[in-house]
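Enquirer: So that we are looking at the same thing, I have put the structure below in structure tokens.
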Amino acid sequence: MGAVDYAAQLDDRGGSVTSVLFVCLGNICRSPTAEGVFREFARAEGLIDDIAIDSAGTGAWHVGEPPDQRAQAAAASRGYDLSAQRARQVDPADFARHDLILAMDRTNFDDLCALCPPGMQDRIRLFLSFAPSAEIEEVPDPYYGAGDGFQRVLDLVEDASRGLLEHLRAS
Ligand code: 4NP
């Protein structure tokens, strides 16, 4: 797999590793799910050493916490282990560190754009823009909703992860 075009601009990583950062509000439901799912997709395709994968939240309320128990249980039902992850907040250095910064919803996207240094905003994308079959553009926040919201998150995240992997392969 080749490096994406803008990898050469990175100042704190060498080589051809592509780095992706998944971002939601709390970093305890959607973005840890995306990190865990995409990590398994990359591993299954033999690309785990070629792609750096991380997640963060725009908010700081849950920093240091493991993913929400409901997110962990839903992920485990499909074979994904989120238990080692710990929430952290997006840092301004993330924009230089990652090739793609993938927002779960429009509010995350707008908050990231407000934090982003000049000239790096093209790294910020809505994650579902990579989903081949999604009819919506945001991953709905499951935190305050019914339990099946977490399965819906997984459906959307698996779909977009498939598309993201194809995108990176083609880059
Ligand atoms: P996430 O979900 O952004 O998918 O991690 C949320 C987690 C916590 C809160 C909101 C959304 N909260 O308000 O604490």
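Residues are referred to by chain and number: the chain letter is A, B, ... according to the order shown in the structure tokens, the number counts from 1 in that chain, and ligands are numbered separately from 1 in the order shown.
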Could you list, as an mmCIF file with N, CA and C atoms, in the first residue's frame, every residue within 10 Å of Arg162 in chain A, counting only C-alpha atoms and ignoring same-chain residues fewer than 3 positions away?
Expert:
data_model
loop_
_atom_site.group_PDB
_atom_site.id
_atom_site.type_symbol
_atom_site.label_atom_id
_atom_site.label_comp_id
_atom_site.auth_asym_id
_atom_site.auth_seq_id
_atom_site.Cartn_x
_atom_site.Cartn_y
_atom_site.Cartn_z
ATOM 1 N N VAL A 37 -13.060 -1.493 15.504
ATOM 2 C CA VAL A 37 -13.497 -2.172 14.279
ATOM 3 C C VAL A 37 -12.444 -1.998 13.179
ATOM 4 N N PHE A 38 -11.992 -0.753 12.988
ATOM 5 C CA PHE A 38 -11.055 -0.513 11.886
ATOM 6 C C PHE A 38 -9.732 -1.233 12.128
ATOM 7 N N PHE A 41 -10.279 -4.720 10.947
ATOM 8 C CA PHE A 41 -10.324 -4.761 9.473
ATOM 9 C C PHE A 41 -8.902 -4.679 8.909
ATOM 10 N N ALA A 42 -8.091 -3.756 9.464
ATOM 11 C CA ALA A 42 -6.722 -3.577 8.981
ATOM 12 C C ALA A 42 -5.897 -4.829 9.263
ATOM 13 N N PHE A 130 -17.035 7.821 3.738
ATOM 14 C CA PHE A 130 -16.352 6.649 3.171
ATOM 15 C C PHE A 130 -17.264 5.430 3.081
ATOM 16 N N ALA A 131 -18.484 5.535 3.609
ATOM 17 C CA ALA A 131 -19.378 4.371 3.645
ATOM 18 C C ALA A 131 -20.026 4.174 2.277
ATOM 19 N N PRO A 132 -19.806 3.013 1.659
ATOM 20 C CA PRO A 132 -20.352 2.809 0.312
ATOM 21 C C PRO A 132 -21.877 2.807 0.272
ATOM 22 N N VAL A 157 -20.312 1.850 11.272
ATOM 23 C CA VAL A 157 -18.850 1.863 11.392
ATOM 24 C C VAL A 157 -18.230 0.757 10.539
ATOM 25 N N GLU A 158 -18.842 -0.417 10.516
ATOM 26 C CA GLU A 158 -18.305 -1.502 9.673
ATOM 27 C C GLU A 158 -18.380 -1.110 8.202
ATOM 28 N N ASP A 159 -19.490 -0.494 7.810
ATOM 29 C CA ASP A 159 -19.663 -0.084 6.419
ATOM 30 C C ASP A 159 -18.593 0.952 6.023
ATOM 31 N N LEU A 165 -10.855 1.513 4.125
ATOM 32 C CA LEU A 165 -9.757 0.621 3.760
ATOM 33 C C LEU A 165 -9.539 0.624 2.242
ATOM 34 N N GLU A 166 -10.629 0.598 1.493
ATOM 35 C CA GLU A 166 -10.530 0.665 0.030
ATOM 36 C C GLU A 166 -9.875 1.968 -0.403
ATOM 37 N N HIS A 167 -10.267 3.064 0.224
ATOM 38 C CA HIS A 167 -9.692 4.380 -0.080
ATOM 39 C C HIS A 167 -8.185 4.380 0.160
#
Enquirer: Could you give me the residues within 8 Å of ligand 1, counting only C-alpha atoms and all ligand atoms, as a list in words?
Expert: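 The distance check yields Val23, Cys24, Leu25, Gly26, Asn27, Ile28, Cys29, Arg30, Ser31, Pro32, Gly57, Trp61, His62, Pro67, Asp68, Met104, Asp141, Pro142, Tyr143 and Tyr144 of chain A.
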Enquirer: Keeping only N, CA and C atoms, write those residues as a CSV table (one decimal), in the first residue's frame.
Expert:
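Output file out.csv is given in full below:
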chain,number,residue,atom,x,y,z
A,23,VAL,N,-12.9,10.5,15.6
A,23,VAL,CA,-13.3,11.5,16.7
A,23,VAL,C,-14.8,11.6,16.9
A,24,CYS,N,-15.2,11.5,18.1
A,24,CYS,CA,-16.6,11.8,18.5
A,24,CYS,C,-16.6,12.8,19.6
A,25,LEU,N,-17.7,12.9,20.4
A,25,LEU,CA,-17.8,13.9,21.4
A,25,LEU,C,-17.1,13.4,22.7
A,26,GLY,N,-17.4,12.2,23.2
A,26,GLY,CA,-16.9,11.7,24.5
A,26,GLY,C,-15.7,10.8,24.4
A,27,ASN,N,-15.5,10.2,23.2
A,27,ASN,CA,-14.5,9.1,23.1
A,27,ASN,C,-14.8,7.9,24.0
A,28,ILE,N,-16.1,7.7,24.2
A,28,ILE,CA,-16.4,6.4,25.0
A,28,ILE,C,-17.4,5.6,24.2
A,29,CYS,N,-18.0,6.1,23.1
A,29,CYS,CA,-19.0,5.2,22.4
A,29,CYS,C,-18.6,5.0,20.9
A,30,ARG,N,-18.8,6.1,20.1
A,30,ARG,CA,-18.6,5.9,18.7
A,30,ARG,C,-17.2,5.8,18.2
A,31,SER,N,-16.3,6.7,18.6
A,31,SER,CA,-14.9,6.7,18.1
A,31,SER,C,-14.1,5.5,18.6
A,32,PRO,N,-14.3,5.0,19.9
A,32,PRO,CA,-13.6,3.8,20.3
A,32,PRO,C,-14.1,2.6,19.5
A,57,GLY,N,-11.8,12.4,21.7
A,57,GLY,CA,-13.1,13.1,21.8
A,57,GLY,C,-12.9,14.6,21.8
A,61,TRP,N,-15.0,15.2,29.3
A,61,TRP,CA,-15.7,14.7,30.4
A,61,TRP,C,-15.2,13.3,30.8
A,62,HIS,N,-14.8,12.5,29.9
A,62,HIS,CA,-14.6,11.1,30.1
A,62,HIS,C,-13.1,10.7,30.0
A,67,PRO,N,-14.1,2.6,27.3
A,67,PRO,CA,-15.3,2.8,26.6
A,67,PRO,C,-16.6,2.4,27.4
A,68,ASP,N,-17.7,3.0,27.1
A,68,ASP,CA,-19.0,2.8,27.7
A,68,ASP,C,-19.3,1.2,27.7
A,104,MET,N,-17.4,11.8,13.6
A,104,MET,CA,-18.6,10.9,13.6
A,104,MET,C,-19.9,11.7,13.2
A,141,ASP,N,-25.4,9.6,17.8
A,141,ASP,CA,-24.9,9.4,19.2
A,141,ASP,C,-25.8,8.5,20.0
A,142,PRO,N,-25.3,7.3,20.4
A,142,PRO,CA,-26.1,6.3,21.1
A,142,PRO,C,-26.2,6.5,22.6
A,143,TYR,N,-25.4,7.5,23.1
A,143,TYR,CA,-25.2,7.6,24.6
A,143,TYR,C,-26.5,7.7,25.4
A,144,TYR,N,-27.4,8.5,24.9
A,144,TYR,CA,-28.7,8.7,25.7
A,144,TYR,C,-29.8,7.9,25.2
Enquirer: Closest to Ile53 in chain A among A:Leu21, A:Ala93, A:Ala76, A:Ala34, using only C-alpha atoms?
Expert: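 Checking each candidate against Ile53 in chain A, we get A:Leu21 as the closest.
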Enquirer: Given the choices A:Phe22, A:Ala52, A:Ser171, A:Ala44, which gets closest to Leu126 in chain A if the distance is worked out from only C-alpha atoms?
Expert: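 Between A:Phe22, A:Ala52, A:Ser171, A:Ala44, the residue approaching Leu126 in chain A most closely is A:Phe22.
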Enquirer: In Å, with one decimal, what is the gap from CA of Leu115 in chain A to CA of Ser55 in chain A?
Expert: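 So the two atoms, CA of Leu115 in chain A and CA of Ser55 in chain A, lie 16.0 Å apart.
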